[in-house]
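Notes for the one structure printed next.
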Amino acid sequence: MAAAGPTAYWYLTRSTGAVALVLLTFATALGVLDLRRWSTPRLPRFVVDSLHRSSSLLAMVFLALHILTSILDGFARISLIDAFVPFAGSYRPFWLGLGALAFDLLVAVTITSLLRQRIGYQGWRAVHWLAYASWPIALLHTFGTGSDIKQAWMLWLSVVCVAIVVGAVLARVLFGWPENRRRRVGALATAGGFSLFLLAWLPGGPLGSDWARRSGTPSSLLAHTHSATNSSGSRR
Ligand code: HEM
């Protein structure tokens, strides 16, 4: 039997998810910009490094809370396995699975960063590229799973996150990567292509009608949901 109404856990899932996305966006943008190269006496390398490290680790803390509260909430019957094994769950399996995939990638990046001295620079760097993949995957999870994407604040938050990462890619390509033309073109094409995909997909997808059903909400839960959220906190 699904829980009768919104629980405190559900509010916590949504808020910790939003904070985790912002922190992940910040950490990703710092990584893309590679600000270490531009360090000055006023912005020394260790400050840039520590900002990147702290925002990444804090994102992991909020993600742990996000996952824990979504399990404890009980409404969507999400298990610990769903948090680690992508596409295994019954609640919006594809979109929740993207969250699990993004989380798995971040766990791999975090572990290899902690063991960097042992595994060496090349191994660490190879895995660290996965961090870039985790951001768009997490964003798609946000759009596909979240209850709030039709709310102006969440939509704007997501748009600002996209603008920050795409802006960072543009800045890096224009000012910081003179030696590698192929990578610059690839990065630009990926960022541009992803933005265009979002523009084309969102109106008929998560912002369109009946997304709760189309995204794979089990029919037993659909009766408890509303096709649009309202500020009183009904589930969509
Ligand atoms: C990098 C990984 C992840 C990030 C950045 C992230 C972030 C977010 C964000 C921003 C939302 C939208 C919240 C809203 O609409 O107010 C969301 C929704 C959700 N996430 Fe995640 N998430 C991640 C991984 C996971 C994982 C692994 C799980 C599995 C347990 C999960 C469970 C959920 C659930 C159940 C919702 C829907 C909450 C609702 O009803 O609005 N997320 N996530």
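Letters for chains follow the order of the structure tokens (A, B, ...), residue numbers begin at 1 for each chain, and ligand numbers begin at 1 in the order shown.
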Write out as a Markdown table a residue-level contact list of chain A versus ligand 1 with cut-off 6 Å: for each qualifying residue the closest pair of atoms and the distance in Å to one decimal, counting only C-alpha atoms and all ligand atoms, rows sorted by chain and residue number upward.
```
| residue | atom | partner | partner_atom_place_in_ligand_line | distance |
| --- | --- | --- | --- | --- |
| A:Thr13 | CA | ligand 1 | 38 (C) | 5.7 |
| A:Arg14 | CA | ligand 1 | 16 (O) | 3.8 |
| A:Gly17 | CA | ligand 1 | 8 (C) | 3.7 |
| A:Ala18 | CA | ligand 1 | 10 (C) | 3.9 |
| A:Ala20 | CA | ligand 1 | 5 (C) | 5.1 |
| A:Leu21 | CA | ligand 1 | 5 (C) | 4.2 |
| A:Ile67 | CA | ligand 1 | 30 (C) | 4.2 |
| A:Ser70 | CA | ligand 1 | 35 (C) | 5.0 |
| A:Asp82 | CA | ligand 1 | 30 (C) | 5.9 |
| A:Ala83 | CA | ligand 1 | 29 (C) | 4.0 |
| A:Leu96 | CA | ligand 1 | 31 (C) | 5.9 |
| A:Gly99 | CA | ligand 1 | 24 (C) | 3.6 |
| A:Ala100 | CA | ligand 1 | 27 (C) | 3.7 |
| A:Ala102 | CA | ligand 1 | 1 (C) | 4.6 |
| A:Phe103 | CA | ligand 1 | 2 (C) | 4.5 |
| A:Ala138 | CA | ligand 1 | 1 (C) | 4.8 |
| A:Thr142 | CA | ligand 1 | 11 (C) | 4.2 |
| A:Thr145 | CA | ligand 1 | 37 (C) | 4.9 |
| A:Gly146 | CA | ligand 1 | 15 (O) | 3.2 |
| A:Ser147 | CA | ligand 1 | 41 (O) | 3.6 |
| A:Asp148 | CA | ligand 1 | 15 (O) | 3.7 |
| A:Ile149 | CA | ligand 1 | 15 (O) | 5.4 |
```
Would you export the selected residues with N, CA and C atoms as an mmCIF file, in the first residue's frame, please?
```cif
data_model
loop_
_atom_site.group_PDB
_atom_site.id
_atom_site.type_symbol
_atom_site.label_atom_id
_atom_site.label_comp_id
_atom_site.auth_asym_id
_atom_site.auth_seq_id
_atom_site.Cartn_x
_atom_site.Cartn_y
_atom_site.Cartn_z
ATOM 1 N N THR A 13 13.967 14.266 -0.224
ATOM 2 C CA THR A 13 14.504 13.693 -1.475
ATOM 3 C C THR A 13 14.636 14.779 -2.526
ATOM 4 N N ARG A 14 13.577 15.584 -2.658
ATOM 5 C CA ARG A 14 13.585 16.619 -3.695
ATOM 6 C C ARG A 14 14.620 17.699 -3.390
ATOM 7 N N GLY A 17 18.178 16.340 -3.699
ATOM 8 C CA GLY A 17 18.476 16.106 -5.123
ATOM 9 C C GLY A 17 18.864 17.412 -5.791
ATOM 10 N N ALA A 18 18.089 18.475 -5.506
ATOM 11 C CA ALA A 18 18.373 19.776 -6.128
ATOM 12 C C ALA A 18 19.739 20.302 -5.690
ATOM 13 N N ALA A 20 22.274 18.515 -4.614
ATOM 14 C CA ALA A 20 23.310 17.656 -5.200
ATOM 15 C C ALA A 20 23.565 18.052 -6.653
ATOM 16 N N LEU A 21 22.481 18.351 -7.380
ATOM 17 C CA LEU A 21 22.645 18.745 -8.785
ATOM 18 C C LEU A 21 23.439 20.049 -8.902
ATOM 19 N N ILE A 67 19.440 9.579 -1.782
ATOM 20 C CA ILE A 67 19.123 8.161 -1.988
ATOM 21 C C ILE A 67 18.448 7.581 -0.742
ATOM 22 N N SER A 70 14.927 8.787 -0.399
ATOM 23 C CA SER A 70 14.003 8.230 -1.406
ATOM 24 C C SER A 70 13.652 6.784 -1.060
ATOM 25 N N ASP A 82 18.179 -0.540 -6.210
ATOM 26 C CA ASP A 82 17.840 0.410 -7.286
ATOM 27 C C ASP A 82 18.817 1.580 -7.334
ATOM 28 N N ALA A 83 19.411 1.884 -6.172
ATOM 29 C CA ALA A 83 20.337 3.021 -6.123
ATOM 30 C C ALA A 83 21.667 2.687 -6.785
ATOM 31 N N LEU A 96 15.030 6.544 -13.321
ATOM 32 C CA LEU A 96 15.684 6.295 -12.029
ATOM 33 C C LEU A 96 17.034 5.593 -12.276
ATOM 34 N N GLY A 99 19.805 7.859 -12.822
ATOM 35 C CA GLY A 99 20.323 8.384 -11.549
ATOM 36 C C GLY A 99 21.315 7.411 -10.939
ATOM 37 N N ALA A 100 20.951 6.108 -10.967
ATOM 38 C CA ALA A 100 21.843 5.090 -10.405
ATOM 39 C C ALA A 100 23.158 5.039 -11.197
ATOM 40 N N ALA A 102 24.536 7.500 -12.971
ATOM 41 C CA ALA A 102 25.332 8.701 -12.641
ATOM 42 C C ALA A 102 26.004 8.519 -11.285
ATOM 43 N N PHE A 103 25.265 7.956 -10.340
ATOM 44 C CA PHE A 103 25.816 7.756 -8.999
ATOM 45 C C PHE A 103 26.981 6.750 -9.038
ATOM 46 N N ALA A 138 22.908 12.620 -14.919
ATOM 47 C CA ALA A 138 22.175 13.050 -13.713
ATOM 48 C C ALA A 138 21.096 14.075 -14.078
ATOM 49 N N THR A 142 17.119 13.941 -13.456
ATOM 50 C CA THR A 142 16.364 15.032 -12.820
ATOM 51 C C THR A 142 15.074 15.318 -13.584
ATOM 52 N N THR A 145 12.692 11.934 -13.576
ATOM 53 C CA THR A 145 12.178 11.366 -12.323
ATOM 54 C C THR A 145 11.542 12.405 -11.413
ATOM 55 N N GLY A 146 12.019 13.630 -11.483
ATOM 56 C CA GLY A 146 11.621 14.635 -10.491
ATOM 57 C C GLY A 146 10.167 15.074 -10.599
ATOM 58 N N SER A 147 9.599 15.428 -9.458
ATOM 59 C CA SER A 147 8.209 15.896 -9.423
ATOM 60 C C SER A 147 8.101 17.379 -9.754
ATOM 61 N N ASP A 148 9.234 18.074 -9.699
ATOM 62 C CA ASP A 148 9.145 19.538 -9.699
ATOM 63 C C ASP A 148 9.506 20.213 -11.004
ATOM 64 N N ILE A 149 9.790 19.422 -12.048
ATOM 65 C CA ILE A 149 10.342 20.052 -13.243
ATOM 66 C C ILE A 149 9.347 21.008 -13.910
#
```
Contacts of segment 36-44 of chain A at 12 Å (only C-alpha atoms; same-chain gap of 6+ positions) as a PyMOL selection string: chain A and resi 30+50-52+172+175-177
Pick out the closest residue to Phe75 of chain A from this set: A:Ala200, A:Leu222, A:Arg183, A:Ala88. Count only C-alpha atoms.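 Of the candidates, the smallest distance to Phe75 of chain A is held by A:Leu222.
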Atom-to-atom span, atom CA of Ser55 of chain A and atom CA of Val185 of chain A, Å: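 Between atom CA of Ser55 of chain A and atom CA of Val185 of chain A the gap works out to 28.2 Å.
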Any chance you could list, as an MDAnalysis selection string, the residues in segment 14-231 of chain A that come up helix (DSSP H, G or I) when DSSP is run on the backbone? chainID A and resid 14:33 35:38 45:73 80:84 93:114 116:128 130:145 152:175 181:201 211:214 219:222
From the list A:Phe143, A:Trp124, A:Phe26, A:Trp95, the nearest residue to Ser54 of chain A using only C-alpha atoms is A:Phe26
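Relative to atom CA of Phe46 of chain A, atom CA of Trp135 of chain A is found at 24.0 Å.
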Rank A:Ala171, A:Leu196, A:Cys161, A:Leu57 by their smallest atom-to-atom distance to Arg184 of chain A, using only C-alpha atoms, and report the top residue only.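 Under the stated criterion, the closest residue is A:Ala171.
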Which is closer to Phe84 of chain A than all the others in A:Leu106, A:Leu188, A:Leu72, A:Pro206, using only C-alpha atoms?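 So, comparing all the options, the nearest one is A:Leu106.
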Need to verify the contact set: Ser90 of chain A, 10 Å, only C-alpha atoms, exclusion of same-chain residues closer than 4 positions in sequence. Can you return it as a PyMOL selection string? chain A and resi 76-79+82+94+96-97+216-218
Check the smallest atom-to-atom distance from each of A:Gly144, A:Trp153, A:Val32, A:Tyr121 to Arg92 of chain A using only C-alpha atoms, then report the winner. A:Gly144
Using only C-alpha atoms, which residue out of A:Tyr91, A:Phe197, A:Tyr132, A:Tyr11 lies closest to Leu24 of chain A?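 Checking each candidate against Leu24 of chain A, we get A:Tyr132 as the closest.
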